[in-house]
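Q: Structure supplied as structure_7.txt; contents: compact mmCIF, C-alpha atoms.
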```
# COMPACT_ATOMS: atom_id res chain seq x y z
CA MET E 191 0.00 0.00 0.00
CA GLU E 192 1.26 3.50 -0.90
CA SER E 193 2.28 5.55 2.13
CA ALA E 194 1.12 9.12 2.78
CA ARG E 195 4.65 10.34 2.13
CA GLU E 196 4.73 8.58 -1.23
CA ARG E 197 1.33 10.02 -2.17
CA THR E 198 2.51 13.55 -1.24
CA SER E 199 5.71 13.10 -3.24
CA ARG E 200 3.75 11.91 -6.28
CA VAL E 201 1.39 14.91 -6.07
CA ASP E 202 4.29 17.30 -5.67
CA ARG E 203 6.07 15.85 -8.68
CA ARG E 204 2.93 16.15 -10.78
CA THR E 205 1.90 19.66 -9.76
CA HIS E 206 5.27 21.37 -9.42
CA SER E 207 7.11 19.91 -12.37
CA PRO E 208 7.60 22.50 -15.16
CA VAL E 209 6.51 19.90 -17.70
CA ASN E 210 3.43 17.74 -17.25
CA LYS E 211 0.97 16.20 -19.70
CA ARG E 212 -1.10 19.37 -19.89
CA SER E 213 1.90 21.64 -20.51
CA LEU E 214 3.27 19.26 -23.14
CA VAL E 215 0.00 19.57 -25.05
CA ASN E 216 0.23 23.37 -24.84
CA LEU E 217 3.85 23.38 -25.97
CA ARG E 218 3.02 21.28 -29.00
CA GLY E 219 0.45 23.88 -30.01
CA LEU E 220 2.84 26.84 -29.59
CA VAL E 221 4.39 27.89 -32.89
CA MET E 222 7.42 30.18 -32.63
CA ASP E 223 9.22 30.12 -35.97
CA PHE E 224 11.64 33.03 -36.26
CA ARG E 225 12.56 32.38 -39.88
CA HIS E 226 11.40 34.57 -42.73
CA THR E 227 8.97 33.00 -45.17
CA PRO E 228 10.46 32.22 -48.60
CA GLU E 229 8.79 35.37 -49.96
CA GLN E 230 10.19 37.52 -47.15
CA GLN E 231 13.67 36.03 -47.53
CA ALA E 232 13.66 36.64 -51.28
CA TRP E 233 12.59 40.26 -50.63
CA LYS E 234 15.39 40.70 -48.09
CA ASP E 235 18.01 39.18 -50.41
CA MET E 236 16.92 41.37 -53.32
CA LEU E 237 17.10 44.53 -51.21
CA HIS E 238 20.55 43.77 -49.85
CA THR E 239 21.81 42.99 -53.35
CA PHE E 240 20.38 46.32 -54.49
CA MET E 241 22.14 48.19 -51.67
CA GLU E 242 25.45 46.52 -52.43
CA LYS E 243 25.33 46.98 -56.20
CA GLU E 244 23.28 50.13 -56.73
CA VAL E 245 24.27 52.20 -53.68
CA GLY E 246 27.40 50.93 -51.94
CA ARG E 247 29.83 52.47 -49.48
CA GLU E 248 31.61 54.90 -51.79
CA TYR E 249 28.40 56.54 -53.00
CA THR E 250 27.19 56.83 -49.41
CA ARG E 251 30.44 58.43 -48.22
CA GLU E 252 30.49 60.89 -51.10
CA HIS E 253 26.98 62.13 -50.42
CA ASP E 254 27.57 62.35 -46.70
CA ALA E 255 30.68 64.47 -47.31
CA SER E 256 29.11 66.68 -49.99
CA ARG E 257 25.77 66.96 -48.13
CA GLU E 258 23.98 66.15 -51.37
CA PHE E 259 20.68 64.32 -51.65
CA PRO E 260 21.07 60.83 -53.23
CA GLU E 261 18.87 61.58 -56.24
CA GLU E 262 19.94 58.49 -58.16
CA VAL E 263 18.99 56.18 -55.29
CA PHE E 264 15.64 57.92 -54.80
CA GLN E 265 14.86 57.51 -58.50
CA LYS E 266 15.90 53.86 -58.53
CA MET E 267 13.61 53.25 -55.56
CA ALA E 268 10.79 54.86 -57.54
CA ASP E 269 11.59 52.83 -60.66
CA ASN E 270 11.36 49.63 -58.62
CA GLY E 271 8.01 50.72 -57.18
CA TRP E 272 9.36 50.78 -53.63
CA LEU E 273 8.37 54.36 -52.82
CA GLY E 274 4.78 53.16 -52.86
CA LEU E 275 5.21 50.33 -50.36
CA LEU E 276 2.79 51.95 -47.90
CA VAL E 277 0.42 53.37 -50.52
CA PRO E 278 -2.69 51.24 -51.15
CA GLU E 279 -2.73 49.21 -54.36
CA ASP E 280 -5.83 50.97 -55.67
CA GLN E 281 -3.85 54.23 -55.58
CA GLY E 282 -0.84 52.91 -57.46
CA GLY E 283 1.16 51.60 -54.50
CA GLN E 284 1.96 48.13 -53.24
CA GLY E 285 0.09 48.06 -49.93
CA ALA E 286 2.89 46.08 -48.26
CA ASP E 287 2.34 44.66 -44.79
CA PRO E 288 4.40 45.92 -41.81
CA VAL E 289 6.76 42.94 -41.83
CA MET E 290 7.74 43.50 -45.47
CA PHE E 291 8.12 47.21 -44.72
CA ALA E 292 10.39 46.48 -41.74
CA ILE E 293 12.57 44.26 -43.94
CA PHE E 294 12.80 47.14 -46.42
CA CYS E 295 13.81 49.69 -43.76
CA GLU E 296 16.38 47.34 -42.26
CA ALA E 297 17.99 46.86 -45.66
CA ILE E 298 18.07 50.46 -46.93
CA ALA E 299 19.86 51.58 -43.74
CA LYS E 300 22.68 49.12 -44.46
CA PHE E 301 25.29 51.82 -45.02
CA SER E 302 23.65 54.91 -43.56
CA LEU E 303 20.64 55.87 -41.47
CA ASP E 304 20.62 59.12 -43.44
CA THR E 305 20.15 57.27 -46.73
CA ALA E 306 17.20 55.43 -45.22
CA ALA E 307 15.73 58.73 -43.98
CA CYS E 308 15.99 60.19 -47.50
CA ILE E 309 13.48 57.56 -48.57
CA MET E 310 11.31 57.06 -45.50
CA THR E 311 10.61 60.74 -44.75
CA SER E 312 8.76 61.20 -48.03
CA MET E 313 6.97 57.88 -47.69
CA PHE E 314 5.16 58.87 -44.49
CA THR E 315 3.61 62.04 -45.90
CA ALA E 316 2.70 60.22 -49.11
CA THR E 317 0.89 57.63 -46.99
CA ASN E 318 -0.91 60.38 -45.10
CA VAL E 319 -2.08 61.89 -48.39
CA ALA E 320 -3.16 58.46 -49.62
CA HIS E 321 -5.28 57.79 -46.53
CA ASN E 322 -6.53 61.26 -45.60
CA GLY E 323 -6.07 63.53 -48.60
CA SER E 324 -8.69 64.66 -51.10
CA GLU E 325 -8.95 63.11 -54.55
CA GLU E 326 -7.41 66.25 -56.00
CA GLN E 327 -4.46 66.06 -53.59
CA LYS E 328 -3.90 62.43 -54.52
CA ARG E 329 -3.92 63.26 -58.23
CA GLN E 330 -1.64 66.24 -57.75
CA HIS E 331 0.94 64.65 -55.44
CA LEU E 332 0.84 60.85 -55.32
CA LEU E 333 1.66 60.05 -58.95
CA PRO E 334 4.64 62.45 -59.08
CA PHE E 335 5.90 60.93 -55.82
CA LEU E 336 5.52 57.35 -57.01
CA GLU E 337 7.44 58.28 -60.16
CA GLY E 338 10.24 59.89 -58.14
CA ARG E 339 9.38 63.46 -59.18
CA ARG E 340 8.02 64.62 -55.80
CA LYS E 341 9.53 64.68 -52.33
CA PHE E 342 7.82 65.41 -49.06
CA SER E 343 8.89 66.90 -45.75
CA ILE E 344 7.16 66.92 -42.36
CA ALA E 345 7.10 70.12 -40.26
CA ILE E 346 5.96 69.65 -36.68
CA SER E 347 8.78 70.74 -34.36
CA GLU E 348 9.21 74.36 -33.30
CA PRO E 349 11.72 76.14 -31.05
CA GLU E 350 9.33 75.60 -28.13
CA ALA E 351 7.59 72.44 -29.34
CA GLY E 352 9.92 69.48 -29.72
CA SER E 353 9.01 66.50 -27.57
CA ASP E 354 5.83 68.43 -26.71
CA ALA E 355 4.58 68.13 -30.25
CA ALA E 356 1.11 69.37 -29.34
CA GLY E 357 2.62 72.64 -28.19
CA VAL E 358 2.71 73.96 -31.78
CA LYS E 359 2.20 77.72 -32.05
CA THR E 360 2.45 78.32 -35.80
CA LYS E 361 -0.92 79.78 -36.79
CA ALA E 362 -3.15 78.96 -39.74
CA VAL E 363 -5.98 81.44 -40.35
CA LEU E 364 -8.62 81.05 -43.04
CA ASP E 365 -8.92 84.21 -45.14
CA GLY E 366 -11.56 83.76 -47.83
CA ASP E 367 -10.40 80.92 -50.05
CA GLU E 368 -6.88 80.82 -48.63
CA TRP E 369 -5.09 79.66 -45.51
CA VAL E 370 -2.54 82.14 -44.16
CA PHE E 371 0.41 80.88 -42.10
CA ASN E 372 2.67 82.69 -39.65
CA GLY E 373 5.24 81.05 -37.41
CA ASN E 374 8.54 79.25 -37.13
CA LYS E 375 9.43 75.59 -37.68
CA VAL E 376 12.70 73.81 -36.97
CA PHE E 377 14.33 70.42 -37.67
CA CYS E 378 12.25 69.82 -40.78
CA SER E 379 14.15 67.25 -42.81
CA GLY E 380 14.22 67.71 -46.57
CA ALA E 381 12.07 70.88 -46.65
CA HIS E 382 14.61 72.63 -48.90
CA LEU E 383 14.80 69.97 -51.62
CA PRO E 384 13.74 71.09 -55.11
CA GLY E 385 10.00 70.77 -55.59
CA ALA E 386 9.39 69.42 -52.07
CA VAL E 387 5.95 69.72 -50.51
CA ILE E 388 5.81 70.18 -46.73
CA ALA E 389 3.21 68.51 -44.52
CA LEU E 390 2.78 71.43 -42.13
CA MET E 391 1.24 71.09 -38.67
CA ALA E 392 -0.36 74.40 -37.69
CA ARG E 393 -2.78 75.67 -35.08
CA THR E 394 -6.30 76.49 -36.24
CA SER E 395 -7.75 76.95 -32.72
CA GLU E 396 -6.54 77.06 -29.13
CA ASP E 397 -7.67 73.53 -28.26
CA ARG E 398 -4.49 71.58 -27.46
CA HIS E 399 -5.08 68.64 -29.81
CA LYS E 400 -8.26 69.44 -31.73
CA GLY E 401 -6.77 72.84 -32.54
CA LEU E 402 -4.15 71.30 -34.82
CA SER E 403 -4.59 70.81 -38.56
CA LEU E 404 -2.37 69.45 -41.30
CA PHE E 405 -1.65 71.26 -44.58
CA LEU E 406 0.29 70.76 -47.79
CA LEU E 407 2.72 73.65 -48.30
CA PRO E 408 4.88 73.78 -51.47
CA ASN E 409 8.37 74.93 -50.52
CA ASP E 410 8.36 77.71 -53.13
CA THR E 411 5.36 79.45 -51.50
CA PRO E 412 5.92 83.24 -51.22
CA GLY E 413 6.67 84.30 -47.64
CA LEU E 414 8.44 81.03 -46.80
CA ASP E 415 12.09 81.48 -45.77
CA ILE E 416 13.93 78.12 -45.55
CA ARG E 417 17.43 77.82 -44.06
CA LYS E 418 19.42 74.60 -44.09
CA LEU E 419 21.02 73.78 -40.73
CA PRO E 420 24.67 72.58 -40.49
CA THR E 421 23.86 69.49 -38.43
CA ILE E 422 26.33 66.64 -37.84
CA VAL E 423 23.79 64.17 -39.22
CA ARG E 424 21.08 64.20 -41.89
CA ARG E 425 23.79 65.52 -44.21
CA SER E 426 22.33 64.01 -47.37
CA LEU E 427 18.68 64.59 -46.53
CA GLY E 428 19.32 67.92 -44.86
CA THR E 429 17.54 69.47 -41.90
CA THR E 430 16.06 72.95 -42.00
CA GLU E 431 14.55 75.77 -40.04
CA PHE E 432 11.99 77.95 -41.75
CA PHE E 433 9.92 81.04 -41.11
CA LEU E 434 6.41 81.68 -42.38
CA ASP E 435 5.42 85.29 -42.97
CA ASP E 436 1.88 85.55 -44.32
CA CYS E 437 2.32 82.43 -46.46
CA ARG E 438 -0.82 81.70 -48.43
CA VAL E 439 -2.07 78.45 -49.93
CA PRO E 440 -5.50 77.55 -51.37
CA LYS E 441 -8.19 76.45 -48.95
CA SER E 442 -8.08 73.02 -50.59
CA ASN E 443 -4.53 72.41 -49.32
CA ILE E 444 -5.72 71.20 -45.93
CA ILE E 445 -5.35 67.44 -45.45
CA GLY E 446 -8.66 65.99 -44.31
CA GLU E 447 -10.69 67.93 -41.78
CA VAL E 448 -9.92 71.02 -39.70
CA GLY E 449 -8.75 70.03 -36.23
CA GLU E 450 -7.78 66.48 -37.19
CA GLY E 451 -4.07 67.08 -37.80
CA TRP E 452 -3.03 65.48 -34.52
CA THR E 453 -5.05 62.38 -35.37
CA TYR E 454 -3.55 62.11 -38.87
CA ILE E 455 0.04 62.49 -37.66
CA ASN E 456 -0.47 59.90 -34.93
CA GLN E 457 -1.94 57.44 -37.40
CA HIS E 458 1.48 56.89 -38.93
CA LEU E 459 3.57 57.09 -35.76
CA GLU E 460 3.59 53.31 -35.33
CA TYR E 461 4.93 52.91 -38.86
CA GLU E 462 7.48 55.68 -38.32
CA ARG E 463 8.80 54.17 -35.09
CA LEU E 464 8.84 50.71 -36.64
CA SER E 465 10.82 52.02 -39.61
CA LEU E 466 13.33 53.78 -37.38
CA ALA E 467 13.84 50.76 -35.16
CA ALA E 468 14.33 48.51 -38.19
CA SER E 469 16.79 50.94 -39.74
CA TYR E 470 18.81 51.12 -36.50
CA VAL E 471 19.06 47.33 -36.53
CA GLY E 472 20.14 47.31 -40.17
CA ASN E 473 22.85 49.91 -39.69
CA ALA E 474 24.05 48.40 -36.40
CA ARG E 475 24.46 45.07 -38.19
CA THR E 476 26.89 46.67 -40.62
CA ALA E 477 28.70 48.55 -37.84
CA LEU E 478 29.24 45.36 -35.88
CA ASN E 479 30.34 43.45 -38.98
CA ASP E 480 32.85 46.21 -39.74
CA THR E 481 34.19 46.04 -36.19
CA ILE E 482 34.59 42.26 -36.38
CA LYS E 483 36.37 42.49 -39.73
CA TYR E 484 38.73 45.21 -38.51
CA THR E 485 39.66 43.44 -35.27
CA LYS E 486 40.41 40.23 -37.16
CA GLU E 487 42.71 42.02 -39.61
CA ARG E 488 44.40 44.50 -37.24
CA HIS E 489 47.32 43.17 -35.19
CA GLN E 490 48.82 44.64 -32.04
CA PHE E 491 51.31 43.06 -29.62
CA GLY E 492 51.84 40.27 -32.13
CA ARG E 493 48.24 39.08 -32.41
CA ALA E 494 44.87 40.02 -33.88
CA LEU E 495 42.77 42.47 -31.87
CA SER E 496 39.90 40.00 -32.02
CA SER E 497 41.89 37.61 -29.84
CA PHE E 498 41.85 40.00 -26.89
CA GLN E 499 39.14 38.99 -24.44
CA VAL E 500 37.95 42.53 -23.71
CA LEU E 501 37.10 43.11 -27.38
CA LYS E 502 35.85 39.59 -27.95
CA HIS E 503 33.40 39.89 -25.06
CA ARG E 504 32.21 43.34 -26.15
CA MET E 505 31.43 42.05 -29.62
CA ALA E 506 29.70 38.96 -28.22
CA GLU E 507 27.56 41.15 -25.98
CA ASN E 508 26.76 43.44 -28.91
CA GLU E 509 25.66 40.44 -30.96
CA CYS E 510 23.27 39.37 -28.19
CA GLU E 511 21.83 42.88 -27.96
CA LEU E 512 21.48 43.25 -31.71
CA GLN E 513 19.62 39.95 -32.01
CA ALA E 514 17.29 41.04 -29.19
CA ALA E 515 16.65 44.41 -30.87
CA ARG E 516 15.81 42.68 -34.12
CA LEU E 517 13.33 40.38 -32.39
CA LEU E 518 11.62 43.42 -30.84
CA VAL E 519 11.31 44.97 -34.30
CA TYR E 520 9.66 41.93 -35.84
CA GLN E 521 7.49 41.33 -32.80
CA ALA E 522 6.06 44.83 -33.31
CA ALA E 523 5.78 44.37 -37.08
CA THR E 524 3.98 41.05 -36.70
CA LYS E 525 1.49 42.51 -34.25
CA MET E 526 0.81 45.41 -36.62
CA ALA E 527 0.38 42.96 -39.50
CA ARG E 528 -2.37 41.26 -37.51
CA GLY E 529 -4.16 44.61 -37.35
CA GLU E 530 -3.54 45.00 -33.64
CA ARG E 531 -2.49 48.14 -31.80
CA ALA E 532 1.28 48.04 -31.16
CA THR E 533 1.99 51.35 -29.42
CA MET E 534 4.11 49.83 -26.67
CA GLU E 535 5.85 47.35 -28.94
CA VAL E 536 7.05 49.94 -31.46
CA SER E 537 8.27 52.22 -28.68
CA MET E 538 10.12 49.31 -27.08
CA ALA E 539 11.69 48.42 -30.41
CA LYS E 540 12.69 51.99 -31.16
CA VAL E 541 14.23 52.86 -27.80
CA TYR E 542 16.11 49.58 -27.47
CA ALA E 543 17.33 49.47 -31.08
CA ALA E 544 18.54 53.09 -30.80
CA ASP E 545 20.47 52.32 -27.62
CA VAL E 546 21.99 49.19 -29.15
CA ALA E 547 22.99 50.96 -32.37
CA TYR E 548 24.74 53.66 -30.37
CA LYS E 549 26.51 51.14 -28.14
CA ILE E 550 27.73 49.11 -31.12
CA ALA E 551 29.00 52.22 -32.92
CA PHE E 552 30.67 53.46 -29.71
CA ASN E 553 32.44 50.13 -29.21
CA GLY E 554 33.44 50.17 -32.87
CA MET E 555 35.02 53.59 -32.37
CA GLN E 556 36.96 52.26 -29.40
CA ALA E 557 38.13 49.13 -31.21
CA MET E 558 39.27 50.99 -34.32
CA GLY E 559 41.03 53.78 -32.43
CA GLY E 560 42.35 56.59 -34.59
CA TYR E 561 41.15 54.99 -37.82
CA ALA E 562 37.56 55.30 -36.61
CA GLN E 563 37.89 59.06 -36.98
CA LEU E 564 38.40 58.78 -40.75
CA PRO E 565 35.36 58.90 -43.07
CA GLU E 566 36.67 56.08 -45.25
CA PHE E 567 36.26 53.67 -42.33
CA ASP E 568 32.55 54.61 -41.98
CA MET E 569 32.44 54.09 -38.22
CA GLU E 570 32.37 57.80 -37.42
CA ARG E 571 29.25 58.11 -39.59
CA TYR E 572 27.59 55.18 -37.85
CA PHE E 573 28.44 56.81 -34.52
CA ARG E 574 27.05 60.24 -35.46
CA GLU E 575 23.88 58.83 -36.92
CA ALA E 576 23.28 56.41 -34.04
CA LYS E 577 23.48 59.27 -31.56
CA HIS E 578 20.83 61.13 -33.51
CA GLY E 579 18.66 58.02 -33.37
CA MET E 580 18.30 58.50 -29.62
CA VAL E 581 16.58 61.86 -30.26
CA GLY E 582 15.02 61.88 -33.72
CA GLY E 583 11.53 60.52 -34.29
CA GLY E 584 10.71 60.79 -30.59
CA ALA E 585 13.45 60.96 -27.97
CA ASN E 586 14.26 57.84 -25.98
CA GLU E 587 12.91 59.49 -22.84
CA ILE E 588 9.56 60.01 -24.56
CA GLN E 589 9.52 56.39 -25.72
CA ARG E 590 10.09 55.21 -22.16
CA THR E 591 7.26 57.45 -20.97
CA ILE E 592 4.97 55.86 -23.59
CA ILE E 593 6.02 52.37 -22.52
CA ALA E 594 5.38 53.19 -18.85
CA ARG E 595 1.97 54.60 -19.73
CA GLU E 596 1.07 51.46 -21.64
CA MET E 597 2.13 49.46 -18.58
CA GLY E 598 -0.41 51.42 -16.55
CA LEU E 599 2.23 53.38 -14.64
```
Let me see whether you can do it: turn the structure in this file into structure tokens.

A:
Amino acid sequence: MESARERTSRVDRRTHSPVNKRSLVNLRGLVMDFRHTPEQQAWKDMLHTFMEKEVGREYTREHDASREFPEEVFQKMADNGWLGLLVPEDQGGQGADPVMFAIFCEAIAKFSLDTAACIMTSMFTATNVAHNGSEEQKRQHLLPFLEGRRKFSIAISEPEAGSDAAGVKTKAVLDGDEWVFNGNKVFCSGAHLPGAVIALMARTSEDRHKGLSLFLLPNDTPGLDIRKLPTIVRRSLGTTEFFLDDCRVPKSNIIGEVGEGWTYINQHLEYERLSLAASYVGNARTALNDTIKYTKERHQFGRALSSFQVLKHRMAENECELQAARLLVYQAATKMARGERATMEVSMAKVYAADVAYKIAFNGMQAMGGYAQLPEFDMERYFREAKHGMVGGGANEIQRTIIAREMGL
């Protein structure tokens, strides 16, 4: 006969074991396959081949040094139909899902976050026009954009409205059949580019959020004074400050409804943060690969740098962090692809990927020493651009505030 002690032991083994019959059934039903589908892998391979053959390191360095927009790359993207990834198919785009878009952003940032920004910045406003613009606005702006003949900029930030994006003071007043703008915008990427159209956030009433509206402002509008800023990043895309002095555009240039600008901008924030996080991962991958290559080839004290434990462990840690950042990106993209809200996930991906990209570039600078200071070694560009990633598109502190809010804190 079984003793009480034996019965207790049997119960304990059954109830406290991490694996029992019930959990085994659950585990068999849990699918966690981290591989790309054949279609996704083919898309990734094609994009990386494009970046290697059609863009490359030399072209990227030249445009970073000259502060010139990569027109040829932008046009090639248009010719391939990639500018319309986020534009619905019935409007001439491809209507790609978030996972395919994340793969795209990861690839085009291979050599430079700035190069990726040259493409992505226009894509977001084009998407806003596609989803919220009038039929006339779509006819006037979408086709030229999809063909590579139109670029867009986004103007939200002001000297006193950075992280507090709803603190915009630039005024839009309706005067007959025209909107009249007065104010000052800053850190508006690409606003100076030839033929660019600016998605301008302006205040149409004093209500904090419902008082904001979104407008299309051609950059050759009289009364608009645009000045390019000498920033250490965004050299190819360019970042500007501009002043609006009685700038007038037709009444029809408003996107959607009056007072809905805050809603429209926030509609694409998940995509923007996803794209940034994916691009940080893509560029950090190259930065780490460059560091590994350099430390294997560079010898000091009679042996390769990669043989020194301090560097070996740094690179191993960076690899762990980079893999984790990438998983956060595709977790967010997958949730978005299911049509679910992913506010916390995209903020987690962005803040962590930005931190990891900066850490990898910083360690690369340390490993490469004096050579890291030279443009032809690329690491100084990775470092500059990674630092900007901790501020641009929503500072890391703001992302952590969003995450905490989503946690109920």

Q: Using only C-alpha atoms, what table do you get, as a tab-separated table, when you list each residue of stretch 307-396 of chain E with an atom no more than 8 Å from stretch 428-443 of chain E, its nearest pair of atoms, and their distance in Å rounded to one decimal, rows by chain then rising number?

A:
```
residue	atom	partner	partner_atom	distance
E:Gln327	CA	E:Asn443	CA	7.7
E:Leu364	CA	E:Lys441	CA	7.5
E:Asp367	CA	E:Lys441	CA	5.1
E:Glu368	CA	E:Pro440	CA	4.5
E:Trp369	CA	E:Val439	CA	5.5
E:Val370	CA	E:Arg438	CA	4.6
E:Phe371	CA	E:Cys437	CA	5.0
E:Asn372	CA	E:Leu434	CA	4.7
E:Gly373	CA	E:Leu434	CA	5.1
E:Asn374	CA	E:Phe433	CA	4.6
E:Lys375	CA	E:Phe432	CA	5.4
E:Val376	CA	E:Glu431	CA	4.1
E:Phe377	CA	E:Thr430	CA	5.3
E:Cys378	CA	E:Thr430	CA	5.1
E:Ser379	CA	E:Thr429	CA	4.2
E:Gly380	CA	E:Gly428	CA	5.4
E:Ala381	CA	E:Thr430	CA	6.5
E:His382	CA	E:Thr430	CA	7.1
```

Q: Tell me which protein, DNA and RNA residues are within 12 Å of E:Ile344, counting only C-alpha atoms, leaving out same-chain ones fewer than 2 positions away, and put them as JSON, numbers by chain.

A: {"E": [307, 310, 311, 312, 313, 314, 315, 316, 318, 341, 342, 346, 347, 348, 375, 376, 377, 378, 379, 380, 381, 382, 386, 387, 388, 389, 390, 391, 392, 404, 405, 406, 407, 408, 409, 429, 430, 431, 455, 462, 583]}

Q: Of the residues E:Arg257, E:Val289, E:Glu337, E:Ser403, which is the one nearest to E:Trp272, using all atoms listed in the file?

A: E:Glu337

Q: What is the distance, in Å and to one decimal place, between atom CA of E:Gln281 and atom CA of E:Ile444?

A: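 The value is 19.6 Å.
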
Q: Counting all atoms listed in the file, figure out which residue out of E:Leu402, E:Val263, E:Met558, E:Cys510 gets nearest to E:Lys483.

A: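 Among E:Leu402, E:Val263, E:Met558, E:Cys510, it is E:Met558 that comes nearest to E:Lys483.
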
Q: Looking at only C-alpha atoms, which of E:Met538, E:Ala543, E:Ala551, E:Met505 is the one that sits closest to E:Thr591?

A: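 Ranking E:Met538, E:Ala543, E:Ala551, E:Met505 by distance to E:Thr591, first place goes to E:Met538.
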
Q: Rebuild stretch 247-253 of chain E to all heavy atoms - output it as a tab-separated table (two decimals), keeping the file's coordinate frame, please.

A:
```tsv
chain	number	residue	atom	x	y	z
E	247	ARG	N	29.16	51.63	-50.48
E	247	ARG	CA	29.83	52.47	-49.48
E	247	ARG	C	30.36	53.78	-50.06
E	247	ARG	O	30.23	54.83	-49.45
E	247	ARG	CB	30.98	51.69	-48.84
E	247	ARG	CG	30.52	50.53	-47.96
E	247	ARG	CD	31.72	49.76	-47.42
E	247	ARG	NE	31.30	48.61	-46.63
E	247	ARG	CZ	31.15	48.62	-45.30
E	247	ARG	NH1	31.41	49.73	-44.63
E	247	ARG	NH2	30.78	47.53	-44.64
E	248	GLU	N	30.98	53.70	-51.22
E	248	GLU	CA	31.61	54.90	-51.79
E	248	GLU	C	30.57	55.98	-52.07
E	248	GLU	O	30.77	57.16	-51.75
E	248	GLU	CB	32.37	54.54	-53.07
E	248	GLU	CG	33.65	53.75	-52.82
E	248	GLU	CD	34.66	54.53	-51.98
E	248	GLU	OE1	34.70	55.78	-52.08
E	248	GLU	OE2	35.38	53.88	-51.20
E	249	TYR	N	29.48	55.59	-52.69
E	249	TYR	CA	28.40	56.54	-53.00
E	249	TYR	C	27.88	57.17	-51.72
E	249	TYR	O	27.64	58.38	-51.64
E	249	TYR	CB	27.28	55.82	-53.74
E	249	TYR	CG	26.12	56.70	-54.16
E	249	TYR	CD1	26.11	57.33	-55.40
E	249	TYR	CD2	25.03	56.89	-53.30
E	249	TYR	CE1	25.04	58.12	-55.79
E	249	TYR	CE2	23.96	57.68	-53.68
E	249	TYR	CZ	23.98	58.30	-54.92
E	249	TYR	OH	22.91	59.11	-55.29
E	250	THR	N	27.71	56.35	-50.69
E	250	THR	CA	27.19	56.83	-49.41
E	250	THR	C	28.15	57.84	-48.79
E	250	THR	O	27.73	58.90	-48.31
E	250	THR	CB	26.95	55.66	-48.45
E	250	THR	OG1	26.06	54.72	-49.07
E	250	THR	CG2	26.35	56.13	-47.14
E	251	ARG	N	29.44	57.52	-48.78
E	251	ARG	CA	30.44	58.43	-48.22
E	251	ARG	C	30.47	59.75	-48.96
E	251	ARG	O	30.55	60.83	-48.36
E	251	ARG	CB	31.83	57.79	-48.30
E	251	ARG	CG	32.05	56.62	-47.36
E	251	ARG	CD	33.41	55.99	-47.63
E	251	ARG	NE	33.51	54.68	-47.02
E	251	ARG	CZ	34.20	53.68	-47.54
E	251	ARG	NH1	34.83	53.83	-48.71
E	251	ARG	NH2	34.27	52.52	-46.92
E	252	GLU	N	30.42	59.67	-50.29
E	252	GLU	CA	30.49	60.89	-51.10
E	252	GLU	C	29.33	61.83	-50.80
E	252	GLU	O	29.52	63.05	-50.68
E	252	GLU	CB	30.49	60.52	-52.58
E	252	GLU	CG	31.77	59.85	-53.06
E	252	GLU	CD	31.64	59.28	-54.46
E	252	GLU	OE1	30.56	59.48	-55.07
E	252	GLU	OE2	32.59	58.62	-54.92
E	253	HIS	N	28.15	61.28	-50.66
E	253	HIS	CA	26.98	62.13	-50.42
E	253	HIS	C	26.91	62.63	-48.99
E	253	HIS	O	26.36	63.70	-48.73
E	253	HIS	CB	25.70	61.40	-50.83
E	253	HIS	CG	25.50	61.37	-52.31
E	253	HIS	ND1	26.25	60.58	-53.14
E	253	HIS	CD2	24.66	62.07	-53.11
E	253	HIS	CE1	25.88	60.78	-54.40
E	253	HIS	NE2	24.92	61.67	-54.41
```
